[in-house]
>>> print(open('start.pdb').read())   # PDB, C-alpha atoms, pLDDT in the B column
ATOM      1  CA  MET R   1       0.596 -15.305 -17.067  1.00 40.00           C
ATOM      2  CA  GLN R   2      -3.035 -15.626 -16.066  1.00 41.00           C
ATOM      3  CA  PRO R   3      -4.090 -14.926 -12.506  1.00 41.00           C
ATOM      4  CA  ARG R   4      -4.919 -18.025 -10.534  1.00 43.00           C
ATOM      5  CA  GLY R   5      -8.148 -18.687  -8.702  1.00 42.00           C
ATOM      6  CA  GLY R   6      -9.963 -15.775 -10.316  1.00 42.00           C
ATOM      7  CA  VAL R   7      -7.857 -13.214  -8.476  1.00 52.00           C
ATOM      8  CA  SER R   8      -7.916  -9.864 -10.234  1.00 65.00           C
ATOM      9  CA  ASN R   9      -4.828  -8.583 -12.012  1.00 91.00           C
ATOM     10  CA  LEU R  10      -2.916  -6.657  -9.392  1.00 97.00           C
ATOM     11  CA  VAL R  11       0.749  -5.949  -8.790  1.00 98.00           C
ATOM     12  CA  GLY R  12       2.200  -8.598  -6.467  1.00 98.00           C
ATOM     13  CA  ILE R  13       4.312  -7.809  -3.405  1.00 98.00           C
ATOM     14  CA  VAL R  14       7.210  -9.932  -2.096  1.00 98.00           C
ATOM     15  CA  LEU R  15       8.697  -9.361   1.358  1.00 98.00           C
ATOM     16  CA  VAL R  16      12.233 -10.670   1.855  1.00 98.00           C
ATOM     17  CA  SER R  17      13.519 -10.872   5.407  1.00 98.00           C
ATOM     18  CA  HIS R  18      16.235 -12.692   7.312  1.00 97.00           C
ATOM     19  CA  SER R  19      13.407 -13.941   9.485  1.00 97.00           C
ATOM     20  CA  LEU R  20      10.495 -15.914   8.053  1.00 96.00           C
ATOM     21  CA  GLU R  21       8.409 -14.860  11.052  1.00 96.00           C
ATOM     22  CA  LEU R  22       9.081 -11.206  10.297  1.00 97.00           C
ATOM     23  CA  ALA R  23       8.217 -11.610   6.615  1.00 98.00           C
ATOM     24  CA  ARG R  24       5.050 -13.565   7.438  1.00 98.00           C
ATOM     25  CA  GLY R  25       3.939 -11.140  10.117  1.00 98.00           C
ATOM     26  CA  LEU R  26       4.382  -8.184   7.816  1.00 98.00           C
ATOM     27  CA  ALA R  27       2.570  -9.981   4.991  1.00 98.00           C
ATOM     28  CA  ASP R  28      -0.343 -10.564   7.381  1.00 98.00           C
ATOM     29  CA  LEU R  29      -0.374  -6.910   8.413  1.00 98.00           C
ATOM     30  CA  ALA R  30      -0.203  -5.578   4.849  1.00 98.00           C
ATOM     31  CA  SER R  31      -2.956  -7.968   3.730  1.00 97.00           C
ATOM     32  CA  GLN R  32      -5.155  -6.995   6.643  1.00 96.00           C
ATOM     33  CA  VAL R  33      -4.845  -3.303   5.761  1.00 97.00           C
ATOM     34  CA  ALA R  34      -5.041  -3.621   1.966  1.00 97.00           C
ATOM     35  CA  GLY R  35      -7.420  -6.568   1.723  1.00 95.00           C
ATOM     36  CA  SER R  36      -6.866 -10.111   0.562  1.00 94.00           C
ATOM     37  CA  GLU R  37      -7.162  -9.368  -3.180  1.00 95.00           C
ATOM     38  CA  VAL R  38      -3.528  -8.328  -3.438  1.00 97.00           C
ATOM     39  CA  LYS R  39      -0.917 -11.070  -3.214  1.00 97.00           C
ATOM     40  CA  VAL R  40       1.629 -10.346  -0.508  1.00 98.00           C
ATOM     41  CA  GLU R  41       4.131 -13.194  -0.343  1.00 98.00           C
ATOM     42  CA  PRO R  42       6.753 -13.653   2.394  1.00 98.00           C
ATOM     43  CA  ALA R  43      10.214 -15.104   1.787  1.00 97.00           C
ATOM     44  CA  GLY R  44      12.538 -15.419   4.720  1.00 95.00           C
ATOM     45  CA  GLY R  45      15.100 -17.440   6.592  1.00 93.00           C
ATOM     46  CA  GLY R  46      17.986 -19.555   5.394  1.00 89.00           C
ATOM     47  CA  PRO R  47      17.568 -22.963   3.694  1.00 86.00           C
ATOM     48  CA  ASP R  48      17.686 -24.707   7.084  1.00 88.00           C
ATOM     49  CA  GLY R  49      15.137 -22.421   8.693  1.00 84.00           C
ATOM     50  CA  SER R  50      17.737 -20.339  10.524  1.00 93.00           C
ATOM     51  CA  LEU R  51      18.012 -16.564  10.183  1.00 95.00           C
ATOM     52  CA  GLY R  52      19.232 -15.714   6.699  1.00 94.00           C
ATOM     53  CA  THR R  53      17.990 -15.460   3.149  1.00 93.00           C
ATOM     54  CA  ASN R  54      17.879 -17.894   0.279  1.00 92.00           C
ATOM     55  CA  GLY R  55      17.322 -17.311  -3.393  1.00 94.00           C
ATOM     56  CA  ASP R  56      15.051 -20.306  -3.924  1.00 95.00           C
ATOM     57  CA  ALA R  57      12.510 -19.037  -1.401  1.00 96.00           C
ATOM     58  CA  VAL R  58      12.587 -15.590  -3.012  1.00 96.00           C
ATOM     59  CA  ARG R  59      12.156 -17.038  -6.512  1.00 96.00           C
ATOM     60  CA  GLU R  60       9.166 -19.090  -5.380  1.00 97.00           C
ATOM     61  CA  ALA R  61       7.597 -16.102  -3.616  1.00 97.00           C
ATOM     62  CA  ILE R  62       7.953 -13.989  -6.762  1.00 96.00           C
ATOM     63  CA  ALA R  63       6.266 -16.718  -8.817  1.00 96.00           C
ATOM     64  CA  ARG R  64       3.377 -16.885  -6.315  1.00 97.00           C
ATOM     65  CA  ALA R  65       2.969 -13.105  -6.248  1.00 97.00           C
ATOM     66  CA  ASP R  66       3.034 -12.620 -10.024  1.00 96.00           C
ATOM     67  CA  CYS R  67      -0.447 -12.109 -11.478  1.00 95.00           C
ATOM     68  CA  GLY R  68       0.850 -10.609 -14.709  1.00 94.00           C
ATOM     69  CA  GLN R  69       1.058  -6.959 -13.658  1.00 96.00           C
ATOM     70  CA  GLY R  70       4.527  -7.103 -12.177  1.00 97.00           C
ATOM     71  CA  VAL R  71       5.991  -7.665  -8.743  1.00 98.00           C
ATOM     72  CA  VAL R  72       7.462  -5.230  -6.224  1.00 98.00           C
ATOM     73  CA  VAL R  73      10.090  -6.728  -3.921  1.00 98.00           C
ATOM     74  CA  LEU R  74      11.018  -5.220  -0.553  1.00 98.00           C
ATOM     75  CA  ALA R  75      14.006  -6.427   1.449  1.00 98.00           C
ATOM     76  CA  ASP R  76      14.747  -5.879   5.132  1.00 97.00           C
ATOM     77  CA  LEU R  77      18.523  -5.397   5.402  1.00 94.00           C
ATOM     78  CA  GLY R  78      21.878  -5.841   3.688  1.00 91.00           C
ATOM     79  CA  SER R  79      22.217  -9.375   2.442  1.00 93.00           C
ATOM     80  CA  SER R  80      18.487  -9.684   1.699  1.00 95.00           C
ATOM     81  CA  VAL R  81      19.092  -7.011  -0.902  1.00 96.00           C
ATOM     82  CA  LEU R  82      22.082  -8.921  -2.261  1.00 95.00           C
ATOM     83  CA  THR R  83      20.075 -12.140  -2.505  1.00 95.00           C
ATOM     84  CA  VAL R  84      17.339 -10.426  -4.501  1.00 95.00           C
ATOM     85  CA  ARG R  85      19.818  -8.588  -6.716  1.00 94.00           C
ATOM     86  CA  HIS R  86      21.673 -11.804  -7.443  1.00 94.00           C
ATOM     87  CA  LEU R  87      18.410 -13.513  -8.356  1.00 94.00           C
ATOM     88  CA  LEU R  88      17.301 -10.724 -10.681  1.00 93.00           C
ATOM     89  CA  GLN R  89      20.664 -10.381 -12.390  1.00 90.00           C
ATOM     90  CA  GLY R  90      20.328 -10.747 -16.135  1.00 78.00           C
ATOM     91  CA  LYS R  91      16.514 -10.678 -15.890  1.00 75.00           C
ATOM     92  CA  ALA R  92      16.188  -6.935 -15.665  1.00 67.00           C
ATOM     93  CA  ASN R  93      13.062  -6.570 -17.803  1.00 77.00           C
ATOM     94  CA  GLY R  94      11.422  -4.294 -15.247  1.00 87.00           C
ATOM     95  CA  HIS R  95       8.621  -6.760 -14.485  1.00 95.00           C
ATOM     96  CA  VAL R  96      10.070  -7.546 -11.051  1.00 97.00           C
ATOM     97  CA  ARG R  97      11.197  -4.424  -9.219  1.00 96.00           C
ATOM     98  CA  LEU R  98      13.384  -4.326  -6.114  1.00 97.00           C
ATOM     99  CA  VAL R  99      12.564  -1.067  -4.321  1.00 97.00           C
ATOM    100  CA  ASP R 100      14.653   0.905  -1.833  1.00 97.00           C
ATOM    101  CA  ALA R 101      12.013   1.386   0.840  1.00 98.00           C
ATOM    102  CA  PRO R 102      11.428   1.046   4.594  1.00 97.00           C
ATOM    103  CA  PHE R 103      10.227  -2.513   5.165  1.00 98.00           C
ATOM    104  CA  VAL R 104       7.019  -2.040   7.160  1.00 98.00           C
ATOM    105  CA  GLU R 105       5.783   1.276   5.815  1.00 97.00           C
ATOM    106  CA  GLY R 106       6.823   0.433   2.259  1.00 98.00           C
ATOM    107  CA  ALA R 107       4.995  -2.896   2.338  1.00 98.00           C
ATOM    108  CA  VAL R 108       1.763  -1.355   3.624  1.00 98.00           C
ATOM    109  CA  ALA R 109       1.913   1.549   1.155  1.00 98.00           C
ATOM    110  CA  ALA R 110       2.654  -0.785  -1.767  1.00 98.00           C
ATOM    111  CA  ALA R 111      -0.094  -3.232  -0.818  1.00 98.00           C
ATOM    112  CA  VAL R 112      -2.734  -0.498  -0.582  1.00 98.00           C
ATOM    113  CA  MET R 113      -1.666   1.052  -3.900  1.00 98.00           C
ATOM    114  CA  SER R 114      -1.768  -2.354  -5.558  1.00 98.00           C
ATOM    115  CA  SER R 115      -5.187  -3.145  -4.117  1.00 97.00           C
ATOM    116  CA  ALA R 116      -6.456   0.068  -5.710  1.00 96.00           C
ATOM    117  CA  GLY R 117      -5.402  -1.297  -9.099  1.00 96.00           C
ATOM    118  CA  GLN R 118      -2.448   1.062  -9.565  1.00 97.00           C
ATOM    119  CA  SER R 119       0.408   0.337 -11.980  1.00 97.00           C
ATOM    120  CA  LEU R 120       3.748  -1.289 -11.138  1.00 97.00           C
ATOM    121  CA  GLU R 121       5.345   2.140 -11.482  1.00 97.00           C
ATOM    122  CA  ASP R 122       2.946   3.744  -8.990  1.00 97.00           C
ATOM    123  CA  VAL R 123       3.131   0.859  -6.519  1.00 98.00           C
ATOM    124  CA  ALA R 124       6.943   0.972  -6.572  1.00 98.00           C
ATOM    125  CA  ARG R 125       6.930   4.751  -6.117  1.00 97.00           C
ATOM    126  CA  ALA R 126       4.531   4.567  -3.162  1.00 97.00           C
ATOM    127  CA  ALA R 127       6.868   2.089  -1.455  1.00 98.00           C
ATOM    128  CA  GLU R 128       9.910   4.304  -2.007  1.00 97.00           C
ATOM    129  CA  GLU R 129       8.104   7.470  -0.936  1.00 96.00           C
ATOM    130  CA  ALA R 130       7.251   5.762   2.347  1.00 96.00           C
ATOM    131  CA  ARG R 131      10.715   6.750   3.514  1.00 94.00           C
ATOM    132  CA  GLY R 132       9.570  10.354   3.837  1.00 92.00           C
ATOM    133  CA  ALA R 133       6.376   9.618   5.753  1.00 91.00           C
ATOM    134  CA  SER R 134       6.086  10.672   9.386  1.00 89.00           C
ATOM    135  CA  LYS R 135       4.556   8.139  11.752  1.00 87.00           C
ATOM    136  CA  PHE R 136       2.628  10.756  13.700  1.00 86.00           C
TER     137      PHE R 136
ATOM    138  CA  MET K   1      -8.416  27.778 -16.459  1.00 59.00           C
ATOM    139  CA  VAL K   2      -8.441  27.632 -12.684  1.00 60.00           C
ATOM    140  CA  PRO K   3      -8.969  24.050 -11.519  1.00 65.00           C
ATOM    141  CA  ALA K   4     -12.191  23.427  -9.683  1.00 76.00           C
ATOM    142  CA  SER K   5     -11.781  23.103  -5.965  1.00 85.00           C
ATOM    143  CA  SER K   6     -14.259  21.967  -3.363  1.00 92.00           C
ATOM    144  CA  GLU K   7     -14.376  21.490   0.356  1.00 95.00           C
ATOM    145  CA  SER K   8     -16.560  19.411   2.559  1.00 96.00           C
ATOM    146  CA  THR K   9     -16.729  18.092   6.098  1.00 97.00           C
ATOM    147  CA  VAL K  10     -17.819  14.701   7.314  1.00 97.00           C
ATOM    148  CA  VAL K  11     -17.776  13.016  10.714  1.00 97.00           C
ATOM    149  CA  LEU K  12     -16.272   9.571  11.191  1.00 97.00           C
ATOM    150  CA  PRO K  13     -18.791   7.069  12.539  1.00 97.00           C
ATOM    151  CA  ALA K  14     -18.505   6.939  16.353  1.00 95.00           C
ATOM    152  CA  ARG K  15     -16.917   3.504  16.551  1.00 95.00           C
ATOM    153  CA  VAL K  16     -14.669   3.667  13.503  1.00 96.00           C
ATOM    154  CA  ALA K  17     -11.135   5.038  13.759  1.00 95.00           C
ATOM    155  CA  LEU K  18      -9.427   5.889  10.489  1.00 95.00           C
ATOM    156  CA  HIS K  19      -6.907   3.066  10.801  1.00 93.00           C
ATOM    157  CA  ALA K  20      -5.995  -0.147   8.967  1.00 92.00           C
ATOM    158  CA  ARG K  21      -8.905  -1.397   6.877  1.00 94.00           C
ATOM    159  CA  PRO K  22     -11.109   1.728   7.081  1.00 97.00           C
ATOM    160  CA  ALA K  23      -8.130   3.948   6.177  1.00 97.00           C
ATOM    161  CA  ALA K  24      -7.340   1.765   3.175  1.00 97.00           C
ATOM    162  CA  THR K  25     -10.974   1.900   2.044  1.00 97.00           C
ATOM    163  CA  PHE K  26     -10.825   5.695   2.259  1.00 98.00           C
ATOM    164  CA  VAL K  27      -7.529   5.904   0.340  1.00 98.00           C
ATOM    165  CA  LYS K  28      -8.744   3.507  -2.349  1.00 98.00           C
ATOM    166  CA  THR K  29     -11.785   5.705  -2.883  1.00 98.00           C
ATOM    167  CA  ALA K  30      -9.595   8.806  -3.232  1.00 98.00           C
ATOM    168  CA  LEU K  31      -7.356   7.004  -5.738  1.00 97.00           C
ATOM    169  CA  ARG K  32     -10.310   6.564  -8.110  1.00 97.00           C
ATOM    170  CA  PHE K  33     -10.190  10.294  -8.894  1.00 97.00           C
ATOM    171  CA  ARG K  34      -7.673  12.531 -10.610  1.00 97.00           C
ATOM    172  CA  ALA K  35      -8.250  15.415  -8.210  1.00 97.00           C
ATOM    173  CA  ARG K  36      -5.684  16.234  -5.551  1.00 97.00           C
ATOM    174  CA  VAL K  37      -7.461  15.466  -2.289  1.00 98.00           C
ATOM    175  CA  THR K  38      -6.492  16.245   1.276  1.00 98.00           C
ATOM    176  CA  VAL K  39      -8.079  15.212   4.542  1.00 98.00           C
ATOM    177  CA  GLY K  40      -7.622  17.281   7.671  1.00 97.00           C
ATOM    178  CA  THR K  41      -8.278  16.809  11.367  1.00 96.00           C
ATOM    179  CA  ASP K  42      -7.318  19.121  14.254  1.00 86.00           C
ATOM    180  CA  GLY K  43      -4.196  20.812  13.027  1.00 85.00           C
ATOM    181  CA  LYS K  44      -3.129  18.025  10.665  1.00 94.00           C
ATOM    182  CA  VAL K  45      -3.602  17.657   6.937  1.00 96.00           C
ATOM    183  CA  ALA K  46      -2.848  14.532   4.944  1.00 97.00           C
ATOM    184  CA  ASP K  47      -2.759  13.522   1.299  1.00 97.00           C
ATOM    185  CA  ALA K  48      -5.912  11.420   1.009  1.00 98.00           C
ATOM    186  CA  LYS K  49      -4.182   9.140  -1.509  1.00 98.00           C
ATOM    187  CA  SER K  50      -1.371   8.168   0.861  1.00 97.00           C
ATOM    188  CA  ILE K  51      -2.206   5.364   3.299  1.00 97.00           C
ATOM    189  CA  LEU K  52       0.759   6.267   5.519  1.00 97.00           C
ATOM    190  CA  ALA K  53      -0.277   9.921   5.705  1.00 97.00           C
ATOM    191  CA  VAL K  54      -3.878   9.003   6.476  1.00 97.00           C
ATOM    192  CA  LEU K  55      -2.800   6.506   9.162  1.00 96.00           C
ATOM    193  CA  ALA K  56      -0.553   9.173  10.708  1.00 95.00           C
ATOM    194  CA  LEU K  57      -3.610  11.399  11.290  1.00 96.00           C
ATOM    195  CA  GLY K  58      -4.666   8.943  13.982  1.00 94.00           C
ATOM    196  CA  ALA K  59      -8.273  10.037  13.566  1.00 96.00           C
ATOM    197  CA  GLN K  60     -10.551   8.415  16.138  1.00 96.00           C
ATOM    198  CA  GLY K  61     -14.237   7.635  15.754  1.00 96.00           C
ATOM    199  CA  GLY K  62     -16.443  10.712  15.843  1.00 96.00           C
ATOM    200  CA  THR K  63     -13.711  13.004  14.505  1.00 97.00           C
ATOM    201  CA  LEU K  64     -14.682  15.778  12.113  1.00 97.00           C
ATOM    202  CA  LEU K  65     -12.754  15.389   8.850  1.00 98.00           C
ATOM    203  CA  ARG K  66     -12.205  18.321   6.539  1.00 98.00           C
ATOM    204  CA  LEU K  67     -11.968  17.195   2.944  1.00 98.00           C
ATOM    205  CA  SER K  68     -10.569  19.398   0.244  1.00 98.00           C
ATOM    206  CA  ALA K  69     -10.222  18.540  -3.430  1.00 98.00           C
ATOM    207  CA  GLU K  70      -8.758  20.316  -6.401  1.00 97.00           C
ATOM    208  CA  GLY K  71      -9.130  19.315 -10.023  1.00 96.00           C
ATOM    209  CA  GLU K  72     -11.735  18.629 -12.658  1.00 94.00           C
ATOM    210  CA  ASP K  73     -13.451  15.815 -10.780  1.00 96.00           C
ATOM    211  CA  ALA K  74     -13.121  17.451  -7.341  1.00 97.00           C
ATOM    212  CA  PRO K  75     -16.878  17.557  -6.623  1.00 96.00           C
ATOM    213  CA  ASP K  76     -17.258  13.885  -7.552  1.00 97.00           C
ATOM    214  CA  ALA K  77     -14.275  12.951  -5.407  1.00 97.00           C
ATOM    215  CA  LEU K  78     -15.716  14.736  -2.383  1.00 97.00           C
ATOM    216  CA  ALA K  79     -19.148  13.208  -2.888  1.00 97.00           C
ATOM    217  CA  ALA K  80     -17.613   9.735  -3.069  1.00 98.00           C
ATOM    218  CA  LEU K  81     -15.388  10.314  -0.038  1.00 98.00           C
ATOM    219  CA  THR K  82     -18.091  11.737   2.220  1.00 97.00           C
ATOM    220  CA  SER K  83     -20.298   8.801   1.333  1.00 97.00           C
ATOM    221  CA  CYS K  84     -17.372   6.441   1.924  1.00 98.00           C
ATOM    222  CA  VAL K  85     -16.621   7.891   5.372  1.00 97.00           C
ATOM    223  CA  SER K  86     -20.261   7.792   6.472  1.00 95.00           C
ATOM    224  CA  GLY K  87     -20.459   4.145   5.474  1.00 94.00           C
ATOM    225  CA  LEU K  88     -17.201   2.979   7.051  1.00 94.00           C
ATOM    226  CA  ILE K  89     -17.398  -0.019   9.320  1.00 90.00           C
ATOM    227  CA  GLU K  90     -14.746  -1.402  11.631  1.00 80.00           C
TER     228      GLU K  90
END
>>> encode(input="start.pdb", output="structure tokens")
Amino acid sequence: MQPRGGVSNLVGIVLVSHSLELARGLADLASQVAGSEVKVEPAGGGPDGSLGTNGDAVREAIARADCGQGVVVLADLGSSVLTVRHLLQGKANGHVRLVDAPFVEGAVAAAVMSSAGQSLEDVARAAEEARGASKF
Amino acid sequence: MVPASSESTVVLPARVALHARPAATFVKTALRFRARVTVGTDGKVADAKSILAVLALGAQGGTLLRLSAEGEDAPDALAALTSCVSGLIE
């Protein structure tokens, strides 16, 4: 798949939250730190806009984030993970990777690694290693 | 063969803290090199290739940064990073 709008080929990031506001706010933060070249796409809230998660929103966010180099997906809690897992079931080709990472720190670490042109493997690892990072 | 190692110091521009955008610019520069690079402030040392570690330094404008690199391209990495830090803007 070719990148759209002349955007360079970077790993995309998808943020899945029960709250669309939370996902959007974190996407803004990660983009501000890493720069706008990397695609950070939020997916959050239930189909009716309430708190919850829905597979369609996640699928669309993955499609928007995908520039051909793979997509790293971070989920906030519990059923967000289940929604993503359900969506990826049977499509486990490794191109879209759900990572077990802290939501905020993992998103920022992944976005910066992606913006530096690192591989899907390295972006996913940076997100997961965020768990061990001290805040101060 | 013992890997080449180099050290260098550079001062953050007075009005630029090593946070958000400037920290990411610094980390992205470090990631261009194979060398293992650390950045230290008073009593803290961080992996220069980890945005979370660099953010956790909380380095304010005017802080002296101690850069240390180990590996074949260590001198190049330090040259690029000192130049990067000097040129950082908010």
>>> closest_atom_pairs(input="start.pdb", of="chain K", to="chain R", cutoff="8 Å", atoms="all atoms listed in the file", output="JSON lines")
{"residue": "K:Ala20", "atom": "CA", "partner": "R:Val33", "partner_atom": "CA", "distance": 4.6}
{"residue": "K:Arg21", "atom": "CA", "partner": "R:Val33", "partner_atom": "CA", "distance": 4.6}
{"residue": "K:Ala23", "atom": "CA", "partner": "R:Val33", "partner_atom": "CA", "distance": 8.0}
{"residue": "K:Ala24", "atom": "CA", "partner": "R:Ala34", "partner_atom": "CA", "distance": 6.0}
{"residue": "K:Lys28", "atom": "CA", "partner": "R:Ala116", "partner_atom": "CA", "distance": 5.3}
{"residue": "K:Leu31", "atom": "CA", "partner": "R:Ala116", "partner_atom": "CA", "distance": 7.0}
{"residue": "K:Arg32", "atom": "CA", "partner": "R:Ala116", "partner_atom": "CA", "distance": 7.9}
{"residue": "K:Ser50", "atom": "CA", "partner": "R:Ala109", "partner_atom": "CA", "distance": 7.4}
{"residue": "K:Ile51", "atom": "CA", "partner": "R:Ala109", "partner_atom": "CA", "distance": 6.0}
{"residue": "K:Leu52", "atom": "CA", "partner": "R:Ala109", "partner_atom": "CA", "distance": 6.5}
{"residue": "K:Ala53", "atom": "CA", "partner": "R:Ala133", "partner_atom": "CA", "distance": 6.7}
{"residue": "K:Leu55", "atom": "CA", "partner": "R:Lys135", "partner_atom": "CA", "distance": 8.0}
{"residue": "K:Ala56", "atom": "CA", "partner": "R:Phe136", "partner_atom": "CA", "distance": 4.6}
{"residue": "K:Leu57", "atom": "CA", "partner": "R:Phe136", "partner_atom": "CA", "distance": 6.7}
{"residue": "K:Gly58", "atom": "CA", "partner": "R:Phe136", "partner_atom": "CA", "distance": 7.5}
>>> atom_distance(input="start.pdb", atom1="CA of Arg97 (chain R)", atom2="CA of Val37 (chain K)")
28.1 Å
>>> resolve_selection(input="start.pdb", expression="the PyMOL selection byres ((chain K and resi 10) around 7)", output="list of chain:residue names")
K:Ser8, K:Thr9, K:Val11, K:Leu12, K:Leu64, K:Leu65, K:Arg66, K:Thr82
>>> residues_around(input="start.pdb", residues="Lys39 (chain R)", least_positions_apart="2", cutoff="12 Å", atoms="only C-alpha atoms", output="count of residues only")
42
>>> axis_aligned_box(input="start.pdb", around="region 8-15 of chain K", padding_each_side="8 Å", output="lines of an AutoDock Vina configuration file")
center_x = -17.5
center_y = 11.5
center_z = 9.6
size_x = 18.5
size_y = 31.9
size_z = 30.0
